[in-house]
Every structure is written in structure tokens, then in C-alpha cells.
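These notes are about the structure you will find just below.
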2 protein chains.
Amino acid sequence: MSSPPAAVDSLATRRLYPGGGLLFRADEPAKEFFHIVSGAVRVYKTDAQGRELEVARFGPGEFLGEAVALAGGRYPFTAEAVRETHALCFSAAGVLSAVETHPGTGRFFVDLLARKCLLLSGRLESLGLRTVRQRLARFLCASSTEQRPSVVRLKVKKGELARFLGAAGETLSRTLRQMQEDGVIEVRGASILIKDYDRLRSEAGE
Amino acid sequence: MSSPPAAVDSLATRRLYPGGGLLFRADEPAKEFFHIVSGAVRVYKTDAQGRELEVARFGPGEFLGEAVALAGGRYPFTAEAVRETHALCFSAAGVLSAVETHPGTGRFFVDLLARKCLLLSGRLESLGLRTVRQRLARFLCASSTEQRPSVVRLKVKKGELARFLGAAGETLSRTLRQMQEDGVIEVRGASILIKDYDRLRSEAGE
DNA sequence: CCCGCTTCTTGACCCAGGTCAAAGACGCGG
DNA sequence: CCGCGTCTTTGACCTGGGTCAAGAAGCGGG
């Protein structure tokens, strides 16, 4: 997960968005993509009933919109800065032509996109064939340090974690309690103590 | 979805797999990826209970394994030729170095990967927040020709379509019947007549 | 310390869709 | 035309998890 080499960074212009500012709006042609330097961006879609569905959230170091922009479509979602946010803005056309001329750039983006694909297909896999409990177990494994006993301290509120796992807040709550009753973990507010790491890993599906 | 330029094709070696032959096995380091010329490949994983879960299926013109190979991980799944299959085999290292030296190559793979990302995230979205009926509606819209009335002729057996939609065969069967009772479609064996295109599109979520 | 917000937990209820099992259908070779 | 294997449909049943609604914590401000 290397950060962009200087040659890549120099293709971008720095921008500052106030909290609530839009990086792009759904259905606009995707001409630019972003690399977040500081702050946070939430990506959402407004459905037919006018209800707003958050799809993802991005933080410092992450790229946003590369796939659509480089493939040349329209943004499927709206992206909004949650708070004041600094981002590097790349023009898709500029990057594509840099890929033609400067070899390192191609390499960098091939790598970036390949990784994104992996991330997406991993997430697809978990969403597709697993239960909330399994997803939660996987999440806890992934965020725990190797040495046991370890404590995972959540840095987002539980409701957000729930949506990230593709579940309702209530379900997460129940699932946590159940795992606690089963002696796998122990929940104290935003801190989760892992009591049986092996079992957790096996529940996550290796 | 352009096919690879000559410069890219020349990086690959042609291979022939008999039906049942493995292109790669889960957990092997991903050094190569493939472009299928003819035949078909199914990708699956064997879970803890020894049960075999099919994850995807690829046909002529499709790339397979690019993301893992270019990101440099291990194959998460096993890929097996369903029947006799011709494929172009690319070495990840070879491609990455070609990206550095030959500009057109970088452009091609950036594009390929960007598109794959879109495809994956589209699928993620449908799987995450939609019902089987909605996914089916979307599928029918996507496979119907623009002019109405149109008939979609399925080229895979319904069981396969069901798994593609992330559902059980029985559920697909029921859903089809229900849509028929609602007057949206009419099912005659493997042919589906779309009776109310607009409604179908609205059910698919625009 | 109390009030009002927001978040979290719990209970009750409901439904989409998965699994099992038993018929139909539809080939297809003999 | 018959038998047999593969698909597909149907019914019965069950469960994960979503939604609604009502508490229970927290927590910052006055």
C-alpha cells in the first residue's frame, strides 16, 4: 500500500473542502478522482424514496473514484466531506496520458486498481455467503493485534460498524451479546476483549 | 471492452486445458493470469465442511485472476476448466515490466482493472441492498434488447442463473412465478417474455 | 445536578429466502 | 414408446435478520 511516488503526486491539484462540501455528485461524468490527505468523506446515494443510503466512507491515504474515472463513466454516488477535508484531485485524462508517457505511473495505478479489486471481491465474498456473526468475527480478527489476549477498541460508533458489516445496529448489538454469552469475547463499551482467539478465527472461516 | 492490442497479446503464451484441468489452485502464489479464448472456467472454493462453493464462471473474452496476480498475492480460489478450454496465460512479472516499458500496455490494464472494479462494486451494491426480485428485474432489464416487447432467452440453466443472482434455485423459481402472476413477465421454459418493461425497470431501481 | 440529545440495548413481531423432500418435466438413448 | 437421469417446480418448514417501539445508558451544557 505504497503512497504515490512524486511523479504521480505532481499530476494532482490540492483542494480543500469544508465540512458538507461535495467532491462530486451522482450522475455527473466522472472526470476526476481523489486522494484524501486529511479529513473524511462519506459516499452515499439517494434512493427512490428520497432516503439516503451511505455506501462507504473514506479517510486519509485512500483513493476515491479512481475506478469510475479511469474507466470513463458517471459517478454512481455522491461524495461529501464529513468535515474539513484536504484532497489531491487527479484529472482522469491527465493520468491516462501520464500512463502512456511515464512508465512509473502506469505501474502505480495498475497496482492501486488491482488492490481495489481484491478488496472489493473480498467484501463481495463475505457479504454473499456469510452470516453477520461470521462477518463480525472476521472483522474482529482483522482488527486485533496478533498477541492474545487482545482488546479491540472501536474507533467508530457501533451503528457505523453495523452498516459497514451490512447489518442493522440492533443486530450487531444482539450478535455481540451472544458472542459474549458464548464466552468468545467480552464487551465493555467501545472496547472488546477477545477471550478465545482461536474460536474467533475458526468462526471467521480461517 | 476492447480486446487486447497485439503488444499485449504477445506477452502471453497460449495454453490448452482439457475439461477438468486446473488453471490454478487456491493458495498457490498468483504468478499468472489468464484470458480465455474459448471454453469456460469455473472458479470455486472448498469450504471447511469439504463442500464446494462455486464463486464465478468465466467465458471467452474474459480475464481471470488479473487482480490477484498483479497485486501479488495468492489465489483465493481454484479455477477449473469446465470443458476443453483455450486460454492466453500472462506472467504477472512480465506484464508489470511491460507496463514500465511499453506505454500502451499500462493503459490497457489500467482500463481493464478499472472496469473490473466497477463490475465488482456494482455487484456488491446489488447484493448488499436488494431483494432477489430486484436483482432478477435488473438482470432481465440488462439482458433484454431495448425494443419492447422483448424476449429474453436464457443461455444457462436456471439453477446457474440463480446462483449468479446469489439465490437458491427454488427461490428463483418462485420469484419467476410471482412476477408472472403480477403480469410483469411470462415464462415459457427458458424464454421469458417481458410484458411490462417499465414496471420491470422501476423494480430494478432505475 | 438535572435536562435533553444521541447512542445502545432489548423485546416483539414479521418476512425473505434457505433447506428438505417429493413430484412433475424434459430430454435422450435404446 | 419406455426407462432414467437431470432440471425445475412446488409445498412445508425454519431461521436470520430487518423494522418498530420502548427503555437504558452516556454525556455535554446550563
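We label chains A, B, ... in the order they appear in the C-alpha cells, count residues from 1 in each chain, and number ligands from 1 in the order shown.
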- Message: For region 108-113 of chain A, find every residue with an atom within 9 Å (counting only C-alpha atoms (C1' of nucleotides)), except residues of its own chain fewer than 4 positions away, and show them as a PyMOL selection string.
- Response: (chain A and resi 1-2+4-5+8+63+66-67+99+103-104+117-118) or (chain B and resi 67+70-72+96+99+106-107+109-111+113-114+116-117)
Can I get the selection written as a short mmCIF file (atom, residue, chain, number, x, y, z; two decimals), in the first residue's frame, with N, CA and C atoms?
```
data_model
loop_
_atom_site.label_atom_id
_atom_site.label_comp_id
_atom_site.auth_asym_id
_atom_site.auth_seq_id
_atom_site.Cartn_x
_atom_site.Cartn_y
_atom_site.Cartn_z
N MET A 1 0.86 -1.20 0.00
CA MET A 1 0.00 0.00 0.00
C MET A 1 0.88 1.25 0.00
N SER A 2 1.82 1.29 -0.95
CA SER A 2 2.76 2.41 -1.01
C SER A 2 2.02 3.70 -1.33
N PRO A 4 1.73 7.36 -3.27
CA PRO A 4 2.09 7.70 -4.64
C PRO A 4 3.49 8.30 -4.74
N PRO A 5 4.24 7.90 -5.75
CA PRO A 5 5.55 8.49 -5.99
C PRO A 5 5.38 9.95 -6.41
N VAL A 8 3.61 10.89 -9.59
CA VAL A 8 2.17 10.78 -9.61
C VAL A 8 1.53 11.97 -8.90
N PHE A 63 -7.91 6.32 -1.86
CA PHE A 63 -8.32 6.86 -3.15
C PHE A 63 -9.82 6.68 -3.30
N GLU A 66 -11.39 6.42 -8.34
CA GLU A 66 -10.45 6.08 -9.41
C GLU A 66 -11.07 5.19 -10.46
N ALA A 67 -11.80 4.17 -9.98
CA ALA A 67 -12.30 3.19 -10.93
C ALA A 67 -13.23 3.83 -11.96
N VAL A 99 0.11 7.84 -17.97
CA VAL A 99 0.38 6.41 -18.02
C VAL A 99 1.09 6.06 -19.33
N PRO A 103 6.36 5.67 -17.36
CA PRO A 103 6.13 4.27 -17.01
C PRO A 103 5.76 4.04 -15.54
N GLY A 104 6.39 4.73 -14.61
CA GLY A 104 6.12 4.50 -13.19
C GLY A 104 4.66 4.74 -12.84
N CYS A 117 -9.58 -4.10 -6.52
CA CYS A 117 -10.36 -5.26 -6.97
C CYS A 117 -10.36 -6.33 -5.89
N LEU A 118 -9.21 -6.60 -5.33
CA LEU A 118 -9.13 -7.63 -4.31
C LEU A 118 -9.99 -7.28 -3.12
N ALA B 67 -6.46 -9.47 -11.03
CA ALA B 67 -6.30 -8.65 -9.84
C ALA B 67 -5.31 -9.26 -8.86
N LEU B 70 -1.65 -9.32 -10.35
CA LEU B 70 -0.99 -8.02 -10.46
C LEU B 70 -0.75 -7.38 -9.11
N ALA B 71 -1.58 -7.74 -8.13
CA ALA B 71 -1.35 -7.20 -6.79
C ALA B 71 -0.34 -8.06 -6.05
N GLY B 72 -0.09 -9.27 -6.57
CA GLY B 72 0.93 -10.12 -5.97
C GLY B 72 0.51 -10.82 -4.70
N LEU B 96 3.93 -6.65 -15.64
CA LEU B 96 4.33 -5.46 -14.89
C LEU B 96 5.54 -4.81 -15.51
N VAL B 99 4.51 -2.97 -18.57
CA VAL B 99 3.85 -1.72 -18.23
C VAL B 99 4.87 -0.60 -18.10
N GLY B 106 0.27 -0.35 -20.22
CA GLY B 106 -0.22 0.22 -18.97
C GLY B 106 -1.64 0.70 -19.13
N ARG B 107 -1.86 1.41 -20.17
CA ARG B 107 -3.18 1.94 -20.45
C ARG B 107 -4.21 0.83 -20.53
N PHE B 109 -4.18 -2.17 -19.21
CA PHE B 109 -4.50 -2.84 -17.94
C PHE B 109 -5.16 -1.91 -16.94
N VAL B 110 -4.80 -0.64 -16.98
CA VAL B 110 -5.49 0.31 -16.12
C VAL B 110 -6.98 0.28 -16.45
N ASP B 111 -7.24 0.28 -17.72
CA ASP B 111 -8.62 0.25 -18.17
C ASP B 111 -9.32 -1.04 -17.76
N LEU B 113 -8.64 -3.09 -15.34
CA LEU B 113 -8.85 -3.20 -13.90
C LEU B 113 -9.91 -2.22 -13.43
N ALA B 114 -9.92 -1.04 -14.02
CA ALA B 114 -10.92 -0.06 -13.61
C ALA B 114 -12.31 -0.62 -13.88
N LYS B 116 -13.16 -3.74 -14.10
CA LYS B 116 -13.42 -4.84 -13.18
C LYS B 116 -13.90 -4.30 -11.84
N CYS B 117 -13.26 -3.24 -11.39
CA CYS B 117 -13.69 -2.62 -10.13
C CYS B 117 -15.14 -2.20 -10.21
#
```
- Please return, as a list in words, all residues of chain B lying within 12 Å of chain D when only C-alpha atoms (C1' of nucleotides) are considered. Leu129, Val156, Lys157, Lys158, Gly159, Glu160, Gly169, Glu170, Thr171, Leu172, Ser173, Arg174, Thr175, Leu176, Arg177, Gly189 and Ala190 of chain B
- Expected answer as a list in words: strand (DSSP E) residues in region 157-189 of chain B: Ile185, Glu186, Val187 and Arg188 of chain B
- Message: Let me make sure I understand: among B:Ala168, B:Leu64, B:Leu22, B:Ile192, which one has the smallest atom-to-atom distance to DT19 (chain C) if we use only C-alpha atoms (C1' of nucleotides)?
- Response: B:Ala168
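The space between CA of Arg83 (chain B) and CA of Ser121 (chain A) spans 25.4 Å.
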- Within 12 Å of Gly122 (chain B) using only C-alpha atoms (C1' of nucleotides), minus same-chain residues under 3 positions, as an NGL selection string: (:A and (55 or 67-68 or 75-77 or 120-121 or 124)) or (:B and (115-119 or 125-130 or 135 or 138))
For the residues selected in the previous step, produce a file with N, CA and C atoms as a tab-separated table (two decimals), in the first residue's frame.
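Writing the result to again07.tsv gives the following:
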```tsv
chain	number	residue	atom	x	y	z
A	55	VAL	N	-22.89	4.44	1.46
A	55	VAL	CA	-22.31	3.28	0.82
A	55	VAL	C	-20.93	2.99	1.36
A	67	ALA	N	-11.80	4.17	-9.98
A	67	ALA	CA	-12.30	3.19	-10.93
A	67	ALA	C	-13.23	3.83	-11.96
A	68	VAL	N	-14.25	4.52	-11.52
A	68	VAL	CA	-15.17	5.15	-12.47
A	68	VAL	C	-14.45	6.12	-13.37
A	75	TYR	N	-20.26	9.08	-12.11
A	75	TYR	CA	-20.22	8.70	-10.70
A	75	TYR	C	-21.54	8.06	-10.32
A	76	PRO	N	-21.49	6.90	-9.69
A	76	PRO	CA	-22.73	6.27	-9.28
A	76	PRO	C	-23.26	6.83	-7.96
A	77	PHE	N	-22.43	7.59	-7.24
A	77	PHE	CA	-22.80	8.08	-5.92
A	77	PHE	C	-22.42	9.53	-5.76
A	120	LEU	N	-12.56	-5.36	-3.03
A	120	LEU	CA	-13.97	-5.48	-3.38
A	120	LEU	C	-14.41	-6.92	-3.44
A	121	SER	N	-13.58	-7.76	-4.03
A	121	SER	CA	-14.07	-9.12	-4.19
A	121	SER	C	-14.04	-9.84	-2.85
A	124	LEU	N	-17.22	-8.76	-1.33
A	124	LEU	CA	-18.32	-9.45	-2.01
A	124	LEU	C	-18.47	-10.85	-1.44
B	115	ARG	N	-12.45	-1.23	-15.04
B	115	ARG	CA	-13.75	-1.80	-15.39
B	115	ARG	C	-14.13	-2.93	-14.45
B	116	LYS	N	-13.16	-3.74	-14.10
B	116	LYS	CA	-13.42	-4.84	-13.18
B	116	LYS	C	-13.90	-4.30	-11.84
B	117	CYS	N	-13.26	-3.24	-11.39
B	117	CYS	CA	-13.69	-2.62	-10.13
B	117	CYS	C	-15.14	-2.20	-10.21
B	118	LEU	N	-15.50	-1.58	-11.31
B	118	LEU	CA	-16.88	-1.13	-11.45
B	118	LEU	C	-17.84	-2.29	-11.41
B	119	LEU	N	-17.46	-3.33	-12.13
B	119	LEU	CA	-18.31	-4.51	-12.17
B	119	LEU	C	-18.50	-5.08	-10.78
B	125	GLU	N	-23.11	-3.73	-4.68
B	125	GLU	CA	-24.26	-2.91	-4.36
B	125	GLU	C	-25.54	-3.73	-4.47
B	126	SER	N	-25.70	-4.46	-5.60
B	126	SER	CA	-26.97	-5.18	-5.72
B	126	SER	C	-27.10	-6.24	-4.65
B	127	LEU	N	-26.01	-6.95	-4.39
B	127	LEU	CA	-26.11	-7.99	-3.38
B	127	LEU	C	-26.42	-7.44	-2.02
B	128	GLY	N	-25.81	-6.29	-1.73
B	128	GLY	CA	-25.94	-5.73	-0.40
B	128	GLY	C	-27.32	-5.24	-0.07
B	129	LEU	N	-27.92	-4.47	-0.96
B	129	LEU	CA	-29.15	-3.83	-0.52
B	129	LEU	C	-30.39	-4.16	-1.31
B	130	ARG	N	-30.43	-5.30	-1.97
B	130	ARG	CA	-31.61	-5.58	-2.76
B	130	ARG	C	-32.17	-6.97	-2.51
B	135	ARG	N	-32.97	-7.98	-7.93
B	135	ARG	CA	-31.80	-8.39	-8.70
B	135	ARG	C	-32.22	-9.05	-10.00
B	138	ARG	N	-33.36	-6.45	-12.44
B	138	ARG	CA	-32.20	-5.78	-13.03
B	138	ARG	C	-31.56	-6.65	-14.10
```
- Item | Close residues, Ala56 (chain B) itself excluded, 9 Å, only C-alpha atoms (C1' of nucleotides), min 2 positions apart in chain, as a VMD selection string | chain B and resid 41 to 44 54 58 164
Could you take the residues named above and write them with N, CA and C atoms, as a PDB file, in the first residue's frame?
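Written output follows (again_25.pdb):
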```
ATOM      1  N   VAL B  41     -14.559 -21.579 -17.697  1.00  0.00           N
ATOM      2  CA  VAL B  41     -13.821 -21.886 -16.474  1.00  0.00           C
ATOM      3  C   VAL B  41     -14.705 -21.600 -15.273  1.00  0.00           C
ATOM      4  N   ARG B  42     -14.733 -22.529 -14.344  1.00  0.00           N
ATOM      5  CA  ARG B  42     -15.471 -22.223 -13.129  1.00  0.00           C
ATOM      6  C   ARG B  42     -14.494 -22.034 -11.988  1.00  0.00           C
ATOM      7  N   VAL B  43     -14.841 -21.123 -11.105  1.00  0.00           N
ATOM      8  CA  VAL B  43     -13.949 -20.747 -10.031  1.00  0.00           C
ATOM      9  C   VAL B  43     -14.665 -21.100  -8.745  1.00  0.00           C
ATOM     10  N   TYR B  44     -14.015 -21.858  -7.894  1.00  0.00           N
ATOM     11  CA  TYR B  44     -14.706 -22.288  -6.686  1.00  0.00           C
ATOM     12  C   TYR B  44     -13.743 -22.415  -5.524  1.00  0.00           C
ATOM     13  N   GLU B  54     -19.232 -22.714  -5.726  1.00  0.00           N
ATOM     14  CA  GLU B  54     -18.827 -22.032  -6.941  1.00  0.00           C
ATOM     15  C   GLU B  54     -18.961 -20.528  -6.758  1.00  0.00           C
ATOM     16  N   PHE B  58     -16.348 -18.071 -15.907  1.00  0.00           N
ATOM     17  CA  PHE B  58     -15.813 -17.164 -16.924  1.00  0.00           C
ATOM     18  C   PHE B  58     -15.887 -17.794 -18.290  1.00  0.00           C
ATOM     19  N   PHE B 164     -25.903 -17.207  -9.751  1.00  0.00           N
ATOM     20  CA  PHE B 164     -25.332 -15.937 -10.196  1.00  0.00           C
ATOM     21  C   PHE B 164     -26.004 -14.769  -9.495  1.00  0.00           C
TER      22      PHE B 164
END
```
I need the residues in region 65-198 of chain B that are helix (DSSP H, G or I) according to DSSP; give them as a short mmCIF file (atom, residue, chain, number, x, y, z; two decimals) with N, CA and C atoms, in the first residue's frame.
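Output file part-v5.cif follows:
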```
data_model
loop_
_atom_site.label_atom_id
_atom_site.label_comp_id
_atom_site.auth_asym_id
_atom_site.auth_seq_id
_atom_site.Cartn_x
_atom_site.Cartn_y
_atom_site.Cartn_z
N GLU B 66 -6.49 -11.56 -12.92
CA GLU B 66 -5.61 -10.40 -13.08
C GLU B 66 -5.36 -9.68 -11.78
N ALA B 67 -6.46 -9.47 -11.03
CA ALA B 67 -6.30 -8.65 -9.84
C ALA B 67 -5.31 -9.26 -8.86
N VAL B 68 -5.51 -10.50 -8.49
CA VAL B 68 -4.58 -11.11 -7.54
C VAL B 68 -3.17 -11.14 -8.07
N ALA B 69 -3.03 -11.54 -9.33
CA ALA B 69 -1.68 -11.70 -9.87
C ALA B 69 -0.97 -10.36 -9.90
N LEU B 70 -1.65 -9.32 -10.35
CA LEU B 70 -0.99 -8.02 -10.46
C LEU B 70 -0.75 -7.38 -9.11
N ALA B 71 -1.58 -7.74 -8.13
CA ALA B 71 -1.35 -7.20 -6.79
C ALA B 71 -0.34 -8.06 -6.05
N ALA B 92 2.53 -12.39 -14.44
CA ALA B 92 2.33 -11.09 -13.80
C ALA B 92 3.60 -10.26 -13.88
N ALA B 93 4.74 -10.89 -13.62
CA ALA B 93 6.01 -10.15 -13.65
C ALA B 93 6.24 -9.60 -15.05
N GLY B 94 5.97 -10.42 -16.06
CA GLY B 94 6.17 -9.98 -17.43
C GLY B 94 5.30 -8.77 -17.75
N VAL B 95 4.06 -8.85 -17.35
CA VAL B 95 3.14 -7.76 -17.64
C VAL B 95 3.58 -6.49 -16.91
N LEU B 96 3.93 -6.65 -15.64
CA LEU B 96 4.33 -5.46 -14.89
C LEU B 96 5.54 -4.81 -15.51
N SER B 97 6.48 -5.62 -16.02
CA SER B 97 7.63 -4.95 -16.60
C SER B 97 7.28 -4.36 -17.96
N ALA B 98 6.35 -4.99 -18.66
CA ALA B 98 5.90 -4.40 -19.93
C ALA B 98 5.21 -3.06 -19.69
N VAL B 99 4.51 -2.97 -18.57
CA VAL B 99 3.85 -1.72 -18.23
C VAL B 99 4.87 -0.60 -18.10
N GLU B 100 6.03 -0.95 -17.54
CA GLU B 100 7.09 0.05 -17.37
C GLU B 100 7.66 0.49 -18.70
N THR B 101 7.74 -0.43 -19.65
CA THR B 101 8.46 -0.12 -20.88
C THR B 101 7.55 0.26 -22.04
N PRO B 103 4.16 1.81 -23.17
CA PRO B 103 3.06 2.62 -22.63
C PRO B 103 1.66 2.07 -22.90
N GLY B 104 1.40 1.55 -24.09
CA GLY B 104 0.06 1.07 -24.41
C GLY B 104 -0.40 -0.02 -23.45
N THR B 105 0.53 -0.79 -22.98
CA THR B 105 0.20 -1.89 -22.08
C THR B 105 -0.38 -1.37 -20.78
N GLY B 106 0.27 -0.35 -20.22
CA GLY B 106 -0.22 0.22 -18.97
C GLY B 106 -1.64 0.70 -19.13
N ARG B 107 -1.86 1.41 -20.17
CA ARG B 107 -3.18 1.94 -20.45
C ARG B 107 -4.21 0.83 -20.53
N PHE B 108 -3.84 -0.22 -21.22
CA PHE B 108 -4.79 -1.32 -21.37
C PHE B 108 -5.17 -1.93 -20.04
N PHE B 109 -4.18 -2.17 -19.21
CA PHE B 109 -4.50 -2.84 -17.94
C PHE B 109 -5.16 -1.91 -16.94
N VAL B 110 -4.80 -0.64 -16.98
CA VAL B 110 -5.49 0.31 -16.12
C VAL B 110 -6.98 0.28 -16.45
N ASP B 111 -7.24 0.28 -17.72
CA ASP B 111 -8.62 0.25 -18.17
C ASP B 111 -9.32 -1.04 -17.76
N LEU B 112 -8.65 -2.13 -17.99
CA LEU B 112 -9.21 -3.43 -17.65
C LEU B 112 -9.56 -3.51 -16.18
N LEU B 113 -8.64 -3.09 -15.34
CA LEU B 113 -8.85 -3.20 -13.90
C LEU B 113 -9.91 -2.22 -13.43
N ALA B 114 -9.92 -1.04 -14.02
CA ALA B 114 -10.92 -0.06 -13.61
C ALA B 114 -12.31 -0.62 -13.88
N ARG B 115 -12.45 -1.23 -15.04
CA ARG B 115 -13.75 -1.80 -15.39
C ARG B 115 -14.13 -2.93 -14.45
N LYS B 116 -13.16 -3.74 -14.10
CA LYS B 116 -13.42 -4.84 -13.18
C LYS B 116 -13.90 -4.30 -11.84
N CYS B 117 -13.26 -3.24 -11.39
CA CYS B 117 -13.69 -2.62 -10.13
C CYS B 117 -15.14 -2.20 -10.21
N LEU B 118 -15.50 -1.58 -11.31
CA LEU B 118 -16.88 -1.13 -11.45
C LEU B 118 -17.84 -2.29 -11.41
N LEU B 119 -17.46 -3.33 -12.13
CA LEU B 119 -18.31 -4.51 -12.17
C LEU B 119 -18.50 -5.08 -10.78
N LEU B 120 -17.39 -5.18 -10.06
CA LEU B 120 -17.46 -5.73 -8.71
C LEU B 120 -18.29 -4.85 -7.80
N SER B 121 -18.09 -3.55 -7.90
CA SER B 121 -18.80 -2.72 -6.94
C SER B 121 -20.28 -2.65 -7.30
N GLY B 122 -20.57 -2.77 -8.58
CA GLY B 122 -21.98 -2.85 -8.96
C GLY B 122 -22.61 -4.09 -8.37
N ARG B 123 -21.89 -5.18 -8.46
CA ARG B 123 -22.44 -6.42 -7.94
C ARG B 123 -22.57 -6.36 -6.42
N LEU B 124 -21.58 -5.73 -5.80
CA LEU B 124 -21.63 -5.55 -4.35
C LEU B 124 -22.88 -4.80 -3.96
N GLU B 125 -23.11 -3.73 -4.68
CA GLU B 125 -24.26 -2.91 -4.36
C GLU B 125 -25.54 -3.73 -4.47
N SER B 126 -25.70 -4.46 -5.60
CA SER B 126 -26.97 -5.18 -5.72
C SER B 126 -27.10 -6.24 -4.65
N LEU B 127 -26.01 -6.95 -4.39
CA LEU B 127 -26.11 -7.99 -3.38
C LEU B 127 -26.42 -7.44 -2.02
N GLY B 128 -25.81 -6.29 -1.73
CA GLY B 128 -25.94 -5.73 -0.40
C GLY B 128 -27.32 -5.24 -0.07
N LEU B 129 -27.92 -4.47 -0.96
CA LEU B 129 -29.15 -3.83 -0.52
C LEU B 129 -30.39 -4.16 -1.31
N VAL B 132 -34.01 -10.53 -3.98
CA VAL B 132 -33.82 -11.37 -5.14
C VAL B 132 -34.66 -10.85 -6.30
N ARG B 133 -35.88 -10.47 -6.00
CA ARG B 133 -36.76 -9.99 -7.06
C ARG B 133 -36.16 -8.77 -7.76
N GLN B 134 -35.60 -7.87 -6.98
CA GLN B 134 -34.99 -6.69 -7.59
C GLN B 134 -33.79 -7.06 -8.45
N ARG B 135 -32.97 -7.98 -7.93
CA ARG B 135 -31.80 -8.39 -8.70
C ARG B 135 -32.22 -9.05 -10.00
N LEU B 136 -33.26 -9.87 -9.91
CA LEU B 136 -33.75 -10.53 -11.11
C LEU B 136 -34.26 -9.50 -12.11
N ALA B 137 -35.00 -8.53 -11.63
CA ALA B 137 -35.53 -7.49 -12.51
C ALA B 137 -34.36 -6.79 -13.20
N ARG B 138 -33.36 -6.45 -12.44
CA ARG B 138 -32.20 -5.78 -13.03
C ARG B 138 -31.56 -6.65 -14.10
N PHE B 139 -31.42 -7.93 -13.77
CA PHE B 139 -30.82 -8.85 -14.72
C PHE B 139 -31.62 -8.90 -16.01
N LEU B 140 -32.92 -8.99 -15.89
CA LEU B 140 -33.77 -9.08 -17.08
C LEU B 140 -33.68 -7.81 -17.91
N CYS B 141 -33.69 -6.67 -17.23
CA CYS B 141 -33.52 -5.41 -17.97
C CYS B 141 -32.23 -5.42 -18.74
N ALA B 142 -31.16 -5.80 -18.02
CA ALA B 142 -29.84 -5.75 -18.65
C ALA B 142 -29.75 -6.69 -19.83
N SER B 143 -30.47 -7.83 -19.78
CA SER B 143 -30.29 -8.76 -20.89
C SER B 143 -31.35 -8.62 -21.96
N LYS B 158 -31.45 -22.61 -15.25
CA LYS B 158 -31.95 -21.69 -14.22
C LYS B 158 -31.20 -21.79 -12.91
N GLY B 159 -30.77 -22.99 -12.58
CA GLY B 159 -30.02 -23.16 -11.35
C GLY B 159 -28.78 -22.28 -11.34
N GLU B 160 -28.12 -22.22 -12.47
CA GLU B 160 -26.92 -21.39 -12.56
C GLU B 160 -27.25 -19.91 -12.46
N LEU B 161 -28.29 -19.53 -13.13
CA LEU B 161 -28.71 -18.13 -13.05
C LEU B 161 -28.99 -17.77 -11.60
N ALA B 162 -29.65 -18.70 -10.90
CA ALA B 162 -29.98 -18.45 -9.51
C ALA B 162 -28.71 -18.19 -8.71
N ARG B 163 -27.73 -19.03 -8.86
CA ARG B 163 -26.50 -18.84 -8.08
C ARG B 163 -25.83 -17.53 -8.48
N PHE B 164 -25.90 -17.21 -9.75
CA PHE B 164 -25.33 -15.94 -10.20
C PHE B 164 -26.00 -14.77 -9.50
N GLY B 169 -31.95 -22.07 -6.23
CA GLY B 169 -32.76 -22.36 -7.41
C GLY B 169 -34.24 -22.27 -7.12
N GLU B 170 -34.64 -22.82 -6.00
CA GLU B 170 -36.06 -22.81 -5.63
C GLU B 170 -36.60 -21.39 -5.55
N THR B 171 -35.78 -20.51 -5.00
CA THR B 171 -36.23 -19.13 -4.84
C THR B 171 -36.43 -18.47 -6.20
N LEU B 172 -35.50 -18.73 -7.12
CA LEU B 172 -35.65 -18.15 -8.44
C LEU B 172 -36.95 -18.61 -9.06
N SER B 173 -37.19 -19.89 -8.94
CA SER B 173 -38.40 -20.47 -9.49
C SER B 173 -39.63 -19.73 -8.97
N ARG B 174 -39.70 -19.62 -7.66
CA ARG B 174 -40.84 -18.94 -7.05
C ARG B 174 -40.94 -17.49 -7.49
N THR B 175 -39.80 -16.82 -7.53
CA THR B 175 -39.82 -15.41 -7.89
C THR B 175 -40.32 -15.22 -9.32
N LEU B 176 -39.87 -16.09 -10.20
CA LEU B 176 -40.33 -16.00 -11.58
C LEU B 176 -41.84 -16.17 -11.64
N ARG B 177 -42.32 -17.16 -10.92
CA ARG B 177 -43.76 -17.40 -10.95
C ARG B 177 -44.53 -16.18 -10.45
N GLN B 178 -44.01 -15.61 -9.38
CA GLN B 178 -44.69 -14.47 -8.80
C GLN B 178 -44.72 -13.27 -9.75
N MET B 179 -43.60 -13.04 -10.41
CA MET B 179 -43.57 -11.92 -11.35
C MET B 179 -44.54 -12.18 -12.48
N GLN B 180 -44.69 -13.44 -12.81
CA GLN B 180 -45.63 -13.79 -13.85
C GLN B 180 -47.06 -13.53 -13.38
N GLU B 181 -47.35 -13.95 -12.14
CA GLU B 181 -48.68 -13.69 -11.60
C GLU B 181 -48.97 -12.20 -11.53
N TYR B 197 -42.29 -3.62 -19.46
CA TYR B 197 -40.89 -3.21 -19.36
C TYR B 197 -40.70 -2.10 -18.33
N ASP B 198 -41.59 -1.16 -18.34
CA ASP B 198 -41.43 -0.01 -17.45
C ASP B 198 -41.45 -0.42 -15.99
#
```
Env of Arg14 (chain A): 9 Å cut, atoms = only C-alpha atoms (C1' of nucleotides), seq-sep filter 2 positions within chain, self excluded. Answer as a PDB file with N, CA and C atoms, in the first residue's frame.
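To be explicit, this is the file written out as part_34.pdb:
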```
ATOM      1  N   ALA A  12      -1.509  16.030  -9.645  1.00  0.00           N
ATOM      2  CA  ALA A  12      -2.737  16.407  -8.947  1.00  0.00           C
ATOM      3  C   ALA A  12      -2.724  17.849  -8.492  1.00  0.00           C
ATOM      4  N   LEU A  16      -9.258  21.960  -0.970  1.00  0.00           N
ATOM      5  CA  LEU A  16      -9.752  21.951   0.400  1.00  0.00           C
ATOM      6  C   LEU A  16     -11.269  22.021   0.376  1.00  0.00           C
ATOM      7  N   HIS A  86      -8.866  17.789   3.154  1.00  0.00           N
ATOM      8  CA  HIS A  86      -7.864  18.081   2.142  1.00  0.00           C
ATOM      9  C   HIS A  86      -7.760  16.920   1.184  1.00  0.00           C
ATOM     10  N   ALA A  87      -7.806  17.175  -0.106  1.00  0.00           N
ATOM     11  CA  ALA A  87      -7.677  16.067  -1.044  1.00  0.00           C
ATOM     12  C   ALA A  87      -6.833  16.468  -2.244  1.00  0.00           C
ATOM     13  N   LEU A  88      -6.157  15.465  -2.821  1.00  0.00           N
ATOM     14  CA  LEU A  88      -5.483  15.684  -4.094  1.00  0.00           C
ATOM     15  C   LEU A  88      -6.457  15.290  -5.180  1.00  0.00           C
ATOM     16  N   CYS A  89      -6.616  16.162  -6.159  1.00  0.00           N
ATOM     17  CA  CYS A  89      -7.572  15.898  -7.209  1.00  0.00           C
ATOM     18  C   CYS A  89      -6.851  15.590  -8.512  1.00  0.00           C
TER      19      CYS A  89
END
```
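Residue list for chain C within 10 Å of chain B: DA16, DG17, DG18 and DT19 of chain C, counting only C-alpha atoms (C1' of nucleotides).
Here the question is which of A:Thr78, A:Thr85, A:Thr145, A:Thr13 gets nearest to Ile36 (chain A) using only C-alpha atoms, and that residue is A:Thr85.
Comparing A:Gly73, A:Gly39, A:Val184, A:Pro18 by their smallest distance to chain B, the closest is A:Gly73 (using only C-alpha atoms).
Distances to chain B were evaluated for A:Glu203, A:Asp9, A:Asp196, A:Glu28 using only C-alpha atoms, and the minimum falls at A:Glu203.
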